[in-house]
file my_file.pdb (PDB, C-alpha atoms)
ATOM      1  CA  MET A  21      99.589  87.462  75.916
ATOM      2  CA  ALA A  22     103.279  87.764  76.787
ATOM      3  CA  LEU A  23     104.880  91.174  77.079
ATOM      4  CA  ALA A  24     108.496  92.247  76.625
ATOM      5  CA  CYS A  25     109.315  91.716  80.288
ATOM      6  CA  GLY A  26     107.845  88.212  80.387
ATOM      7  CA  SER A  27     111.228  86.523  80.758
ATOM      8  CA  ALA A  28     111.685  88.043  84.202
ATOM      9  CA  LEU A  29     108.552  86.275  85.376
ATOM     10  CA  ALA A  30     109.539  83.017  83.699
ATOM     11  CA  GLN A  31     112.861  82.987  85.538
ATOM     12  CA  ALA A  32     111.267  83.607  88.925
ATOM     13  CA  ALA A  33     110.073  80.957  91.340
ATOM     14  CA  LEU A  34     106.687  80.122  89.838
ATOM     15  CA  PRO A  35     103.592  79.040  91.747
ATOM     16  CA  LYS A  36     103.149  75.309  92.026
ATOM     17  CA  TYR A  37      99.380  75.345  91.997
ATOM     18  CA  PRO A  38      96.794  76.798  89.598
ATOM     19  CA  VAL A  39      95.588  80.382  89.581
ATOM     20  CA  PHE A  40      91.788  80.773  89.626
ATOM     21  CA  VAL A  41      90.025  83.709  87.965
ATOM     22  CA  LEU A  42      86.264  84.188  88.324
ATOM     23  CA  ASN A  43      84.456  85.219  85.139
ATOM     24  CA  SER A  44      81.393  86.954  86.550
ATOM     25  CA  LEU A  45      79.456  87.243  83.283
ATOM     26  CA  ASP A  46      80.391  83.786  81.992
ATOM     27  CA  ALA A  47      79.386  81.804  85.113
ATOM     28  CA  SER A  48      82.769  80.134  85.072
ATOM     29  CA  VAL A  49      86.239  79.951  86.583
ATOM     30  CA  SER A  50      89.319  80.218  84.383
ATOM     31  CA  VAL A  51      92.085  77.888  85.538
ATOM     32  CA  VAL A  52      95.470  79.414  84.677
ATOM     33  CA  ASP A  53      98.641  77.327  84.513
ATOM     34  CA  PRO A  54     101.400  79.402  86.181
ATOM     35  CA  THR A  55     104.193  77.604  84.328
ATOM     36  CA  THR A  56     102.918  78.730  80.920
ATOM     37  CA  TRP A  57     100.669  81.589  82.074
ATOM     38  CA  SER A  58      97.823  80.397  79.893
ATOM     39  CA  GLU A  59      94.240  79.358  80.548
ATOM     40  CA  VAL A  60      94.089  75.567  80.524
ATOM     41  CA  LYS A  61      90.403  75.014  81.255
ATOM     42  CA  ARG A  62      87.180  76.598  82.493
ATOM     43  CA  LEU A  63      85.025  75.265  85.268
ATOM     44  CA  PRO A  64      81.267  75.915  85.224
ATOM     45  CA  THR A  65      79.819  77.591  88.298
ATOM     46  CA  GLY A  66      76.496  79.142  89.186
ATOM     47  CA  LYS A  67      75.438  82.494  87.774
ATOM     48  CA  GLU A  68      77.598  85.520  88.650
ATOM     49  CA  PRO A  69      80.601  84.229  90.583
ATOM     50  CA  HIS A  70      82.248  87.318  92.072
ATOM     51  CA  HIS A  71      84.438  86.360  95.046
ATOM     52  CA  LEU A  72      86.118  83.302  96.520
ATOM     53  CA  TYR A  73      87.659  82.241  99.810
ATOM     54  CA  MET A  74      89.579  79.263 101.164
ATOM     55  CA  THR A  75      88.130  76.876 103.724
ATOM     56  CA  PRO A  76      89.955  76.836 107.077
ATOM     57  CA  ASP A  77      91.369  73.336 106.414
ATOM     58  CA  GLU A  78      92.868  74.581 103.116
ATOM     59  CA  LYS A  79      91.301  71.667 101.222
ATOM     60  CA  SER A  80      88.812  73.724  99.213
ATOM     61  CA  VAL A  81      88.444  77.122  97.675
ATOM     62  CA  ILE A  82      84.837  78.312  97.744
ATOM     63  CA  VAL A  83      83.394  80.269  94.827
ATOM     64  CA  ALA A  84      80.334  82.326  95.775
ATOM     65  CA  ASN A  85      77.724  82.397  93.001
ATOM     66  CA  ALA A  86      75.566  85.408  93.802
ATOM     67  CA  PHE A  87      72.670  84.965  91.356
ATOM     68  CA  ALA A  88      72.633  81.173  91.639
ATOM     69  CA  ASP A  89      72.337  81.214  95.449
ATOM     70  CA  SER A  90      75.089  78.619  95.677
ATOM     71  CA  LEU A  91      78.699  77.890  96.607
ATOM     72  CA  THR A  92      81.064  75.869  94.418
ATOM     73  CA  PHE A  93      83.860  74.008  96.257
ATOM     74  CA  ILE A  94      87.019  73.449  94.186
ATOM     75  CA  ASP A  95      90.215  71.548  95.010
ATOM     76  CA  PRO A  96      92.907  74.284  95.110
ATOM     77  CA  LYS A  97      95.625  71.883  93.967
ATOM     78  CA  THR A  98      93.932  69.895  91.193
ATOM     79  CA  ALA A  99      91.294  72.421  90.059
ATOM     80  CA  GLU A 100      88.576  69.778  90.236
ATOM     81  CA  ILE A 101      85.067  70.648  91.383
ATOM     82  CA  GLN A 102      84.335  68.894  94.678
ATOM     83  CA  ARG A 103      80.707  69.820  95.363
ATOM     84  CA  THR A 104      78.044  72.495  95.080
ATOM     85  CA  VAL A 105      76.118  73.771  98.099
ATOM     86  CA  ARG A 106      72.754  75.308  97.240
ATOM     87  CA  GLY A 107      70.362  77.454  99.230
ATOM     88  CA  ILE A 108      72.997  80.046 100.204
ATOM     89  CA  MET A 109      71.066  83.218  99.453
ATOM     90  CA  ASP A 110      72.865  85.807  97.327
ATOM     91  CA  PRO A 111      76.492  85.180  98.396
ATOM     92  CA  TYR A 112      78.163  88.153  96.711
ATOM     93  CA  HIS A 113      81.115  88.399  99.114
ATOM     94  CA  LEU A 114      82.294  85.956 101.783
ATOM     95  CA  ARG A 115      84.847  85.586 104.557
ATOM     96  CA  PHE A 116      85.670  83.095 107.310
ATOM     97  CA  SER A 117      86.383  84.381 110.791
ATOM     98  CA  PRO A 118      89.986  83.816 111.933
ATOM     99  CA  ASP A 119      88.798  81.418 114.664
ATOM    100  CA  MET A 120      87.206  79.352 111.879
ATOM    101  CA  LYS A 121      83.777  79.219 113.530
ATOM    102  CA  TRP A 122      81.838  81.524 111.216
ATOM    103  CA  LEU A 123      81.338  82.123 107.521
ATOM    104  CA  VAL A 124      79.865  85.557 106.796
ATOM    105  CA  THR A 125      78.316  86.425 103.425
ATOM    106  CA  ALA A 126      77.073  89.725 102.003
ATOM    107  CA  GLY A 127      73.756  89.543 100.119
ATOM    108  CA  ASN A 128      74.368  92.338  97.633
ATOM    109  CA  ARG A 129      71.006  92.282  95.866
ATOM    110  CA  LEU A 130      68.912  91.142  98.860
ATOM    111  CA  HIS A 131      70.242  93.700 101.377
ATOM    112  CA  HIS A 132      71.294  91.352 104.161
ATOM    113  CA  VAL A 133      74.355  89.824 105.806
ATOM    114  CA  ASP A 134      74.184  86.117 106.663
ATOM    115  CA  ILE A 135      76.181  84.481 109.456
ATOM    116  CA  TYR A 136      76.733  80.728 109.135
ATOM    117  CA  ARG A 137      78.157  78.300 111.664
ATOM    118  CA  TRP A 138      80.905  76.125 110.193
ATOM    119  CA  ASP A 139      81.707  72.687 111.606
ATOM    120  CA  GLY A 140      84.477  71.887 109.161
ATOM    121  CA  LYS A 141      82.171  70.509 106.494
ATOM    122  CA  ASP A 142      78.662  71.924 106.588
ATOM    123  CA  LEU A 143      77.110  75.355 106.987
ATOM    124  CA  GLN A 144      74.208  76.209 109.270
ATOM    125  CA  LEU A 145      72.553  79.620 109.101
ATOM    126  CA  ALA A 146      72.794  81.273 112.520
ATOM    127  CA  LYS A 147      71.301  84.662 111.668
ATOM    128  CA  ARG A 148      70.189  86.755 108.702
ATOM    129  CA  ILE A 149      70.687  90.439 109.451
ATOM    130  CA  PRO A 150      68.927  93.161 107.417
ATOM    131  CA  THR A 151      71.598  95.792 106.956
ATOM    132  CA  GLY A 152      71.029  98.567 104.441
ATOM    133  CA  LYS A 153      71.172  99.043 100.714
ATOM    134  CA  THR A 154      73.513  96.711  98.847
ATOM    135  CA  PRO A 155      75.998  95.199 101.304
ATOM    136  CA  SER A 156      79.198  94.823  99.349
ATOM    137  CA  HIS A 157      82.344  93.592 101.135
ATOM    138  CA  ILE A 158      83.077  91.913 104.463
ATOM    139  CA  TRP A 159      86.011  92.227 106.872
ATOM    140  CA  ILE A 160      86.345  90.335 110.182
ATOM    141  CA  ASP A 161      88.766  91.484 112.874
ATOM    142  CA  ALA A 162      91.617  89.327 114.177
ATOM    143  CA  ALA A 163      89.725  88.574 117.406
ATOM    144  CA  SER A 164      86.792  87.097 115.440
ATOM    145  CA  ALA A 165      84.577  89.439 117.437
ATOM    146  CA  THR A 166      83.330  91.928 114.839
ATOM    147  CA  ALA A 167      82.349  91.666 111.185
ATOM    148  CA  TYR A 168      82.298  94.861 109.138
ATOM    149  CA  SER A 169      80.261  95.315 105.967
ATOM    150  CA  SER A 170      80.152  98.203 103.504
ATOM    151  CA  MET A 171      76.763  99.387 102.202
ATOM    152  CA  GLN A 172      77.392 100.251  98.576
ATOM    153  CA  ASP A 173      74.192 102.157  97.851
ATOM    154  CA  SER A 174      73.428 103.717 101.231
ATOM    155  CA  ASP A 175      77.026 104.902 101.752
ATOM    156  CA  GLU A 176      77.495 103.301 105.171
ATOM    157  CA  LEU A 177      79.777 101.014 107.123
ATOM    158  CA  VAL A 178      78.132  98.672 109.632
ATOM    159  CA  ALA A 179      79.632  96.564 112.423
ATOM    160  CA  ILE A 180      78.139  93.240 113.538
ATOM    161  CA  ASP A 181      78.849  91.492 116.825
ATOM    162  CA  LEU A 182      79.511  87.859 115.887
ATOM    163  CA  ALA A 183      78.817  86.423 119.344
ATOM    164  CA  THR A 184      75.287  87.850 119.452
ATOM    165  CA  GLN A 185      74.750  88.268 115.681
ATOM    166  CA  THR A 186      73.466  91.811 116.195
ATOM    167  CA  LEU A 187      74.298  95.186 114.694
ATOM    168  CA  LYS A 188      76.670  97.186 116.892
ATOM    169  CA  TRP A 189      76.692 100.442 114.957
ATOM    170  CA  ARG A 190      76.527 102.086 111.574
ATOM    171  CA  ILE A 191      78.287 105.168 110.224
ATOM    172  CA  LYS A 192      78.090 107.188 107.027
ATOM    173  CA  THR A 193      80.944 106.892 104.549
ATOM    174  CA  GLY A 194      81.988 108.595 101.357
ATOM    175  CA  PRO A 195      80.343 107.567  98.059
ATOM    176  CA  MET A 196      79.934 103.908  97.109
ATOM    177  CA  PRO A 197      82.029 102.109  99.754
ATOM    178  CA  ALA A 198      83.418  98.794  98.579
ATOM    179  CA  ASP A 199      86.239  96.702 100.015
ATOM    180  CA  ILE A 200      87.356  96.904 103.660
ATOM    181  CA  TYR A 201      90.750  96.294 105.263
ATOM    182  CA  GLY A 202      91.460  96.299 108.994
ATOM    183  CA  THR A 203      94.799  96.762 110.738
ATOM    184  CA  ARG A 204      96.132  93.901 112.857
ATOM    185  CA  ASP A 205      95.594  95.726 116.137
ATOM    186  CA  GLY A 206      91.874  96.052 115.390
ATOM    187  CA  ARG A 207      91.866  99.805 115.912
ATOM    188  CA  THR A 208      91.642 101.030 112.327
ATOM    189  CA  VAL A 209      89.507 100.116 109.327
ATOM    190  CA  LEU A 210      90.129 101.322 105.761
ATOM    191  CA  VAL A 211      87.270 101.531 103.234
ATOM    192  CA  GLY A 212      87.726 101.922  99.474
ATOM    193  CA  LEU A 213      85.349 104.547  98.055
ATOM    194  CA  THR A 214      84.598 103.415  94.514
ATOM    195  CA  GLY A 215      82.472 106.508  93.919
ATOM    196  CA  SER A 216      85.460 108.688  94.780
ATOM    197  CA  ASP A 217      89.248 108.786  94.501
ATOM    198  CA  SER A 218      90.076 107.934  98.109
ATOM    199  CA  VAL A 219      90.243 105.462 100.953
ATOM    200  CA  GLU A 220      88.351 106.533 104.069
ATOM    201  CA  VAL A 221      90.004 105.678 107.395
ATOM    202  CA  PHE A 222      87.926 104.921 110.501
ATOM    203  CA  ASP A 223      89.011 104.656 114.114
ATOM    204  CA  VAL A 224      86.974 101.721 115.490
ATOM    205  CA  SER A 225      88.803 101.394 118.811
ATOM    206  CA  GLY A 226      86.020 102.978 120.881
ATOM    207  CA  PRO A 227      82.332 102.213 121.403
ATOM    208  CA  GLN A 228      81.488 104.387 118.387
ATOM    209  CA  PRO A 229      83.521 104.702 115.159
ATOM    210  CA  ARG A 230      85.083 107.931 113.910
ATOM    211  CA  SER A 231      86.074 108.921 110.387
ATOM    212  CA  VAL A 232      89.595 110.280 110.891
ATOM    213  CA  ARG A 233      91.079 110.876 107.445
ATOM    214  CA  GLN A 234      91.026 110.151 103.730
ATOM    215  CA  ILE A 235      93.896 108.791 101.656
ATOM    216  CA  ARG A 236      93.785 109.946  98.051
ATOM    217  CA  THR A 237      94.592 107.051  95.728
ATOM    218  CA  GLY A 238      92.800 107.302  92.365
ATOM    219  CA  ASN A 239      89.323 107.311  90.838
ATOM    220  CA  GLY A 240      87.303 104.196  91.585
ATOM    221  CA  ALA A 241      89.181 103.173  94.740
ATOM    222  CA  HIS A 242      87.941  99.639  95.161
ATOM    223  CA  ALA A 243      89.690  96.479  96.443
ATOM    224  CA  PHE A 244      92.482  95.722  98.940
ATOM    225  CA  ARG A 245      95.130  92.998  99.113
ATOM    226  CA  ALA A 246      97.854  92.715 101.743
ATOM    227  CA  ALA A 247     101.342  92.987 100.278
ATOM    228  CA  GLY A 248     102.591  90.114 102.442
ATOM    229  CA  ASP A 249     105.189  92.109 104.371
ATOM    230  CA  GLY A 250     102.987  92.973 107.368
ATOM    231  CA  ARG A 251     103.193  96.687 106.634
ATOM    232  CA  HIS A 252     101.709  97.515 103.230
ATOM    233  CA  VAL A 253      98.427  96.946 101.432
ATOM    234  CA  PHE A 254      97.557  97.319  97.743
ATOM    235  CA  LEU A 255      94.422  99.170  96.611
ATOM    236  CA  SER A 256      93.011  98.913  93.081
ATOM    237  CA  ASN A 257      91.664 102.096  91.484
ATOM    238  CA  ARG A 258      89.235 100.705  88.937
ATOM    239  CA  VAL A 259      88.552 103.936  87.035
ATOM    240  CA  ALA A 260      92.064 105.407  87.215
ATOM    241  CA  ASN A 261      93.567 102.108  85.971
ATOM    242  CA  THR A 262      96.179 102.139  88.714
ATOM    243  CA  ILE A 263      97.060 100.238  91.879
ATOM    244  CA  SER A 264      98.221 102.161  94.947
ATOM    245  CA  LYS A 265     100.538 100.807  97.633
ATOM    246  CA  ILE A 266      99.610 102.127 101.087
ATOM    247  CA  ASP A 267     101.862 102.145 104.147
ATOM    248  CA  LEU A 268      99.659 101.061 107.062
ATOM    249  CA  GLN A 269     101.922 102.774 109.602
ATOM    250  CA  THR A 270     101.863 106.210 108.003
ATOM    251  CA  LEU A 271      98.562 105.791 106.112
ATOM    252  CA  GLN A 272     100.144 107.275 103.000
ATOM    253  CA  VAL A 273     100.494 106.092  99.396
ATOM    254  CA  VAL A 274     104.118 105.086  98.829
ATOM    255  CA  ASP A 275     103.968 103.679  95.296
ATOM    256  CA  GLU A 276     101.689 103.348  92.280
ATOM    257  CA  TYR A 277     101.489 100.861  89.413
ATOM    258  CA  SER A 278      99.797 101.077  86.027
ATOM    259  CA  ALA A 279      97.053  98.463  85.623
ATOM    260  CA  PRO A 280      94.962  98.935  82.470
ATOM    261  CA  GLY A 281      91.495  97.532  81.870
ATOM    262  CA  GLY A 282      89.813  98.333  85.177
ATOM    263  CA  PRO A 283      91.849  96.578  87.905
ATOM    264  CA  ASP A 284      89.627  94.866  90.443
ATOM    265  CA  CYS A 285      90.521  92.006  92.797
ATOM    266  CA  MET A 286      94.177  91.149  93.408
ATOM    267  CA  GLU A 287      96.443  88.339  94.527
ATOM    268  CA  VAL A 288     100.105  88.463  95.569
ATOM    269  CA  LEU A 289     102.313  85.471  94.766
ATOM    270  CA  ALA A 290     104.437  83.907  97.484
ATOM    271  CA  GLY A 291     107.580  85.976  97.928
ATOM    272  CA  GLY A 292     105.675  89.198  97.441
ATOM    273  CA  ARG A 293     107.238  90.372  94.181
ATOM    274  CA  TYR A 294     104.454  89.630  91.722
ATOM    275  CA  LEU A 295     101.017  91.190  91.940
ATOM    276  CA  LEU A 296      98.109  89.681  90.016
ATOM    277  CA  THR A 297      94.988  91.693  89.209
ATOM    278  CA  THR A 298      91.869  91.011  87.225
ATOM    279  CA  SER A 299      91.396  93.547  84.426
ATOM    280  CA  ARG A 300      87.613  93.742  84.683
ATOM    281  CA  TRP A 301      86.858  95.462  81.377
ATOM    282  CA  ALA A 302      89.604  93.809  79.286
ATOM    283  CA  ARG A 303      88.893  90.094  79.962
ATOM    284  CA  ARG A 304      92.435  89.555  81.202
ATOM    285  CA  LEU A 305      94.517  88.638  84.197
ATOM    286  CA  THR A 306      97.409  91.098  84.534
ATOM    287  CA  ILE A 307     100.682  90.297  86.334
ATOM    288  CA  ILE A 308     102.798  93.183  87.648
ATOM    289  CA  ASP A 309     106.421  93.017  88.812
ATOM    290  CA  THR A 310     106.383  95.311  91.846
ATOM    291  CA  GLU A 311     110.187  95.664  91.801
ATOM    292  CA  THR A 312     110.413  96.950  88.221
ATOM    293  CA  ARG A 313     106.881  98.406  88.446
ATOM    294  CA  LYS A 314     106.073  96.980  85.012
ATOM    295  CA  ILE A 315     103.452  94.633  83.602
ATOM    296  CA  VAL A 316     105.184  91.372  82.739
ATOM    297  CA  ARG A 317     102.296  89.234  81.511
ATOM    298  CA  GLN A 318      98.615  89.308  80.589
ATOM    299  CA  VAL A 319      96.422  86.213  80.262
ATOM    300  CA  ASN A 320      93.157  86.120  78.321
ATOM    301  CA  VAL A 321      90.248  84.882  80.454
ATOM    302  CA  GLY A 322      86.439  85.239  80.366
ATOM    303  CA  LYS A 323      83.906  88.044  80.586
ATOM    304  CA  SER A 324      84.162  90.493  83.466
ATOM    305  CA  PRO A 325      86.927  88.764  85.480
ATOM    306  CA  HIS A 326      86.534  89.565  89.166
ATOM    307  CA  GLY A 327      88.000  87.393  91.935
ATOM    308  CA  VAL A 328      91.508  85.900  91.632
ATOM    309  CA  TRP A 329      93.254  83.450  93.951
ATOM    310  CA  THR A 330      96.002  80.830  94.210
ATOM    311  CA  LEU A 331      97.193  78.560  96.989
ATOM    312  CA  ASP A 332     100.715  79.881  96.395
ATOM    313  CA  HIS A 333     100.026  83.316  97.817
ATOM    314  CA  ALA A 334     101.906  85.709 100.068
ATOM    315  CA  ALA A 335     100.768  86.177 103.666
ATOM    316  CA  ARG A 336      97.389  87.871 104.012
TER     317      ARG A 336
END

call {"tool": "encode", "arguments": {"input": "my_file.pdb", "output": "structure tokens"}}
result
Amino acid sequence: MALACGSALAQAALPKYPVFVLNSLDASVSVVDPTTWSEVKRLPTGKEPHHLYMTPDEKSVIVANAFADSLTFIDPKTAEIQRTVRGIMDPYHLRFSPDMKWLVTAGNRLHHVDIYRWDGKDLQLAKRIPTGKTPSHIWIDAASATAYSSMQDSDELVAIDLATQTLKWRIKTGPMPADIYGTRDGRTVLVGLTGSDSVEVFDVSGPQPRSVRQIRTGNGAHAFRAAGDGRHVFLSNRVANTISKIDLQTLQVVDEYSAPGGPDCMEVLAGGRYLLTTSRWARRLTIIDTETRKIVRQVNVGKSPHGVWTLDHAAR
């Protein structure tokens, strides 16, 4: 579906490689051609693919299939399925540590966080940690020392020491915490409160965390994506149908974009101008020009689109 402003996107420097959109209720991945902005094929995955992450060698993008207990490895350049790894229990969300030694997954329905050793090819379970009700999203600090996980149904944030694979602390949050974003200095963690209209900010610089403020964004505050400029982060408000731009230095909202259909996960194209978001309830991928603040394109995909990713992305 092309909109009136589509020509602006067509004239821009387009991604070279495909855009991947996870269709959570179709057990598939939509492969979108960024030269035509149309779906060119669908790849079968396991049941309920929600999130995806790139391997440290940048040769595979991993799709986590929560209800299939599996990971699907896809070539990020050719969009060909490389392999399926089974026996990964309930991988709802996943993230590699920056030092590339660990893969951490959140078991959303099984109430645990798993820590896997990664040798560049294979995964070995190091520890399964019972956490709390419905672990949702993972963040790992720049030092690869601490993994944070939100507890969606017990309204908590927990911290895990990666070296010892033990819980360091837990703290109550606002309602239904979802995605997590940490500042580069490791002192501050932001948590989207999907059951509210705000982001909760925690000071994690000391031995115990402290909730220090809330940033009002919009109803259903949910997922983060770095803007690519080292200073700002985007936050999708799934109920308000907006995306907020937050200044990480001032911890204030500095801009807002309309994003109909329940915006969820996001991607930012290289160069930082174009923001992609899955429209969860509308079966579309929506592309926003952050300079004009307008939607320039929508692409029809599958049921309940969730994760989105391309190799041609702005800095994380």

call {"tool": "resolve_selection", "arguments": {"input": "my_file.pdb", "expression": "the PyMOL selection byres ((chain A and resi 253) around 8)", "output": "MDAnalysis selection string"}}
result
chainID A and resid 244:247 251:252 254:255 265:268

call {"tool": "residues_around", "arguments": {"input": "my_file.pdb", "residues": "His333 in chain A", "least_positions_apart": "4", "cutoff": "6 Å", "atoms": "all atoms listed in the file", "output": "PyMOL selection string"}}
result
chain A and resi 288-290

call {"tool": "resolve_selection", "arguments": {"input": "my_file.pdb", "expression": "the PyMOL selection byres ((chain A and resi 295) around 12)", "output": "PyMOL selection string"}}
result
chain A and resi 29+244-248+253-256+263-265+277-279+283+285-294+296-298+305-318+328-330+333-334

call {"tool": "closest_residue", "arguments": {"input": "my_file.pdb", "among": "A:Val133, A:Ala302, A:Val274, A:Val319", "to": "Trp57 in chain A", "atoms": "all atoms listed in the file"}}
result
A:Val319

call {"tool": "atom_distance", "arguments": {"input": "my_file.pdb", "atom1": "CA of Ala167 in chain A", "atom2": "CA of Met109 in chain A"}}
result
18.3 Å

call {"tool": "closest_residue", "arguments": {"input": "my_file.pdb", "among": "A:Ala183, A:Leu331, A:Ala163, A:Leu130", "to": "Ala146 in chain A", "atoms": "only C-alpha atoms"}}
result
A:Ala183

call {"tool": "closest_residue", "arguments": {"input": "my_file.pdb", "among": "A:Gln269, A:Asp77, A:Pro35, A:Thr125", "to": "Ser90 in chain A", "atoms": "all atoms listed in the file"}}
result
A:Thr125

call {"tool": "decode", "arguments": {"input": "my_file.pdb", "residues": "range 265-276 of chain A", "atoms": "N, CA and C atoms", "output": "PDB file, in the first residue's frame"}}
result
ATOM      1  N   LYS A 265       9.711   9.907  20.725  1.00  0.00           N
ATOM      2  CA  LYS A 265      11.157  10.024  20.631  1.00  0.00           C
ATOM      3  C   LYS A 265      11.661  10.623  21.935  1.00  0.00           C
ATOM      4  N   ILE A 266      12.534   9.883  22.630  1.00  0.00           N
ATOM      5  CA  ILE A 266      13.008  10.277  23.955  1.00  0.00           C
ATOM      6  C   ILE A 266      14.470  10.694  23.882  1.00  0.00           C
ATOM      7  N   ASP A 267      14.773  11.826  24.469  1.00  0.00           N
ATOM      8  CA  ASP A 267      16.159  12.298  24.605  1.00  0.00           C
ATOM      9  C   ASP A 267      16.758  11.619  25.836  1.00  0.00           C
ATOM     10  N   LEU A 268      17.807  10.826  25.640  1.00  0.00           N
ATOM     11  CA  LEU A 268      18.396  10.073  26.742  1.00  0.00           C
ATOM     12  C   LEU A 268      19.215  10.947  27.685  1.00  0.00           C
ATOM     13  N   GLN A 269      19.554  12.159  27.264  1.00  0.00           N
ATOM     14  CA  GLN A 269      20.277  13.067  28.156  1.00  0.00           C
ATOM     15  C   GLN A 269      19.330  13.791  29.109  1.00  0.00           C
ATOM     16  N   THR A 270      18.189  14.207  28.597  1.00  0.00           N
ATOM     17  CA  THR A 270      17.237  14.942  29.426  1.00  0.00           C
ATOM     18  C   THR A 270      16.118  14.057  29.959  1.00  0.00           C
ATOM     19  N   LEU A 271      15.995  12.842  29.383  1.00  0.00           N
ATOM     20  CA  LEU A 271      14.916  11.914  29.738  1.00  0.00           C
ATOM     21  C   LEU A 271      13.550  12.575  29.561  1.00  0.00           C
ATOM     22  N   GLN A 272      13.388  13.221  28.407  1.00  0.00           N
ATOM     23  CA  GLN A 272      12.130  13.862  28.056  1.00  0.00           C
ATOM     24  C   GLN A 272      11.730  13.470  26.634  1.00  0.00           C
ATOM     25  N   VAL A 273      10.417  13.444  26.378  1.00  0.00           N
ATOM     26  CA  VAL A 273       9.914  13.216  25.026  1.00  0.00           C
ATOM     27  C   VAL A 273      10.116  14.478  24.203  1.00  0.00           C
ATOM     28  N   VAL A 274      10.765  14.342  23.046  1.00  0.00           N
ATOM     29  CA  VAL A 274      11.059  15.505  22.213  1.00  0.00           C
ATOM     30  C   VAL A 274      10.300  15.493  20.890  1.00  0.00           C
ATOM     31  N   ASP A 275       9.662  14.375  20.563  1.00  0.00           N
ATOM     32  CA  ASP A 275       8.861  14.328  19.337  1.00  0.00           C
ATOM     33  C   ASP A 275       7.897  13.152  19.428  1.00  0.00           C
ATOM     34  N   GLU A 276       6.895  13.167  18.556  1.00  0.00           N
ATOM     35  CA  GLU A 276       5.895  12.104  18.529  1.00  0.00           C
ATOM     36  C   GLU A 276       5.420  11.909  17.101  1.00  0.00           C
TER      37      GLU A 276
END
